[in-house]
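Asks: Right, I'll just put the structure down here and ask away after.
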Amino acid sequence: MTTNHRIRLNSRPVGAPAAENYLLDEVDLGSPGEGEVLLRTLYLSLDPYMRGRMSDAKSYAKPVEVGDVMVGATVSEVVESNSSDFSTGDTVLGYGGWQEYSVEKASHLRRVDPEIAPISTALGVLGMPGFTAYSGLLEIGRPQPGETVAVAAATGPVGSVVGQIAKIKGAKAVGIAGGPDKVAHLDELGFDVALDHRTGNLKNELKESVPQGIDVYFENVGGDVFKAVLPRLNTYARVPVCGLVANYNLTELPEGPDRSGALMGNILTRSLNIRGFIQTEFVEKHHENFLSDMSGWVKEGKVRYREDIRPGLDKAPEYFNDLLTGGNFGKMVVAVGAES
């Protein structure tokens with residue numbers, strides 16, 4: 001028997017998640033069944049979508065049930081295998097969630113090659129966030145040489161990759177981030193324009209720095225950033241929408257007039273293509289090319305990444321709130337069974 005420490009959803013949050021919404025407990029964990037493996041979690045990914053899974057509102061995926069372990073992608077070590085596909089000591093990408101150990105079906109796992117990049121990157125630039133950027137930008141955004149691509153949360157694991165792929169494709173990259181340190185990092189990544197949305201003057205700064213307008217806006221924030229970007233969108237602009245993190249903790253609609261009519265007017269008169277997506281819909285078409293392209297770009301230094309690795313499973317709720325309010329700097333990862 002192995003003692004497994006885990007974090008379960010204790011109650012559904014109203015607004016920002018609080019300590020009482022989580023329950024840290026421990027259970028005995030047995031051996032894997034036929035076709036299963038027992039995994040020791042090394043790294044746990046924290047991602048904004050998890051806030052939606054804490055709610056029982058209708059969405060694209062089933063919510064976490066109260067009492068269940070919080071969901072999340074993990075990089076783990078195989079402790080015991082009851083499958084011919086994996087051996088003890090293998091490193092795998094799975095979906096073990098917020099716990100020290102998990103039992104998963106071997107068919108749901110993918111082996112992680114530490115020779116390509118640090119294994120934690122399987123949760124970031126070489127994982128779901130990187131694929132979200134790759135598939136959404138290339139399938140929906142379709143940046144052309146000489147066009148302008150803008151992205152919010154531009155130092156995050158999705159936004160940073162969006163901007164760097166835009167540069168690879170010959171486009172101009174405009175990054176929007178929060179705070180001077182993050183803006184400086186965008187310069188290091190090679191963005192052509194780096195703007196701080198916390199100045200309160202983003203709309204005018206976009207007008208001055210991007211007079212040619214925006215052809216592709218990769219949306220993962222919403223809120224005031226989108227309000228500033230909308231007037232700068234060119235005719236036929238494409239807007240892939242993968243997230244709206246500014247809205248995730250809202251309990252009611254913001255005060256003010258209904259602006260949906262104005263939005264629809266802009267969509268009509270400028271022939272905008274605003275398309276929401278979930279990255280899983282593009283797996284069959286793009287994932288194999290993503291793994292090949294992104295691995296090569298990372299090795300060649302064409303795509304750089306930053307990780308925010310923090311220690312301790314028990315602090316995951318605290319780290320998650322930091323993520324939702326922009327307190328992270330790079331891909332948020334919890335070091336569970338690995339050194340931070």
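Residue numbering restarts at 1 for every chain of the structure tokens, chains are lettered A, B, ... in their displayed order, and ligands are numbered from 1 as they appear.
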Using only C-alpha atoms, determine which residues lie at most 12 Å from His5 of chain A, disregarding the query and same-chain residues fewer than 6 positions distant; provide the list as a PyMOL selection string.

Replies: chain A and resi 23-29+40-41+69+97-102+312-314+336-337

Asks: I'd like a table as JSON lines: residues in segment 219-241 of chain A with an atom no more than 10 Å from segment 198-206 of chain A, each row giving the shortest atom pair and its distance in Å to one decimal, only C-alpha atoms counted, sorted by chain and rising residue number.

Replies:
{"residue": "A:Asp224", "atom": "CA", "partner": "A:Leu202", "partner_atom": "CA", "distance": 9.0}
{"residue": "A:Val225", "atom": "CA", "partner": "A:Leu202", "partner_atom": "CA", "distance": 7.6}
{"residue": "A:Phe226", "atom": "CA", "partner": "A:Lys203", "partner_atom": "CA", "distance": 9.6}
{"residue": "A:Lys227", "atom": "CA", "partner": "A:Lys203", "partner_atom": "CA", "distance": 8.0}
{"residue": "A:Ala228", "atom": "CA", "partner": "A:Lys203", "partner_atom": "CA", "distance": 4.4}
{"residue": "A:Val229", "atom": "CA", "partner": "A:Lys203", "partner_atom": "CA", "distance": 6.9}
{"residue": "A:Leu230", "atom": "CA", "partner": "A:Lys203", "partner_atom": "CA", "distance": 9.2}
{"residue": "A:Pro231", "atom": "CA", "partner": "A:Lys203", "partner_atom": "CA", "distance": 8.3}
{"residue": "A:Arg232", "atom": "CA", "partner": "A:Leu206", "partner_atom": "CA", "distance": 7.5}

Asks: Show me, as a list in words, the residues that have an atom within 7 Å of Lys169 of chain A when counting only C-alpha atoms, minus same-chain residues fewer than 5 positions from it.

Replies: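 In the requested format, the answer is Pro143, Gln144 and Pro145 of chain A.
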
Asks: Using all heavy atoms, can you export the residues from the last selection as a short mmCIF file (atom, residue, chain, number, x, y, z; two decimals), in the first residue's frame?

Replies:
data_model
loop_
_atom_site.label_atom_id
_atom_site.label_comp_id
_atom_site.auth_asym_id
_atom_site.auth_seq_id
_atom_site.Cartn_x
_atom_site.Cartn_y
_atom_site.Cartn_z
N PRO A 143 -1.78 33.44 -39.90
CA PRO A 143 -0.98 34.66 -40.13
C PRO A 143 -0.18 34.58 -41.42
O PRO A 143 0.41 33.54 -41.74
CB PRO A 143 -0.06 34.70 -38.91
CG PRO A 143 0.07 33.27 -38.48
CD PRO A 143 -1.28 32.66 -38.75
N GLN A 144 -0.17 35.68 -42.15
CA GLN A 144 0.57 35.77 -43.40
C GLN A 144 1.77 36.70 -43.22
O GLN A 144 1.76 37.59 -42.37
CB GLN A 144 -0.33 36.31 -44.50
CG GLN A 144 -1.60 35.49 -44.74
CD GLN A 144 -1.30 34.05 -45.11
OE1 GLN A 144 -0.51 33.80 -46.03
NE2 GLN A 144 -1.92 33.10 -44.41
N PRO A 145 2.84 36.50 -44.03
CA PRO A 145 4.00 37.40 -43.94
C PRO A 145 3.58 38.86 -44.08
O PRO A 145 2.79 39.21 -44.96
CB PRO A 145 4.86 36.95 -45.12
CG PRO A 145 4.51 35.51 -45.33
CD PRO A 145 3.04 35.44 -45.03
#

Asks: Please list as a PyMOL selection string every residue within 10 Å of segment 128-138 of chain A, counting only C-alpha atoms and excluding residues in the same chain fewer than 6 positions away.

Replies: chain A and resi 45+47+73+121-122+144+149+156-166+169+216-219+238-242+275-283+285-287+289-291+293-294+305+331

Asks: Give me, please, the distance in Å between atom CA of Asn220 of chain A and atom CA of Asn247 of chain A, quoted to one decimal.

Replies: 10.5 Å

Asks: When you count only C-alpha atoms, which of these residues is closest to Val66 of chain A: A:Gly213, A:Pro114, A:Pro13, A:Gly33?

Replies: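 Answer, going by the shortest atom-to-atom distance: A:Pro13.
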
Asks: Return the single residue from A:Leu93, A:Gly265, A:Leu195, A:Leu253 that is closest to Ile119 of chain A, with distances computed using only C-alpha atoms.

Replies: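 Between A:Leu93, A:Gly265, A:Leu195, A:Leu253, the residue approaching Ile119 of chain A most closely is A:Leu93.
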
Asks: Between atom CA of Ser76 of chain A and atom CA of Tyr43 of chain A, what distance in Å does the model show, to one decimal?

Replies: 6.8 Å
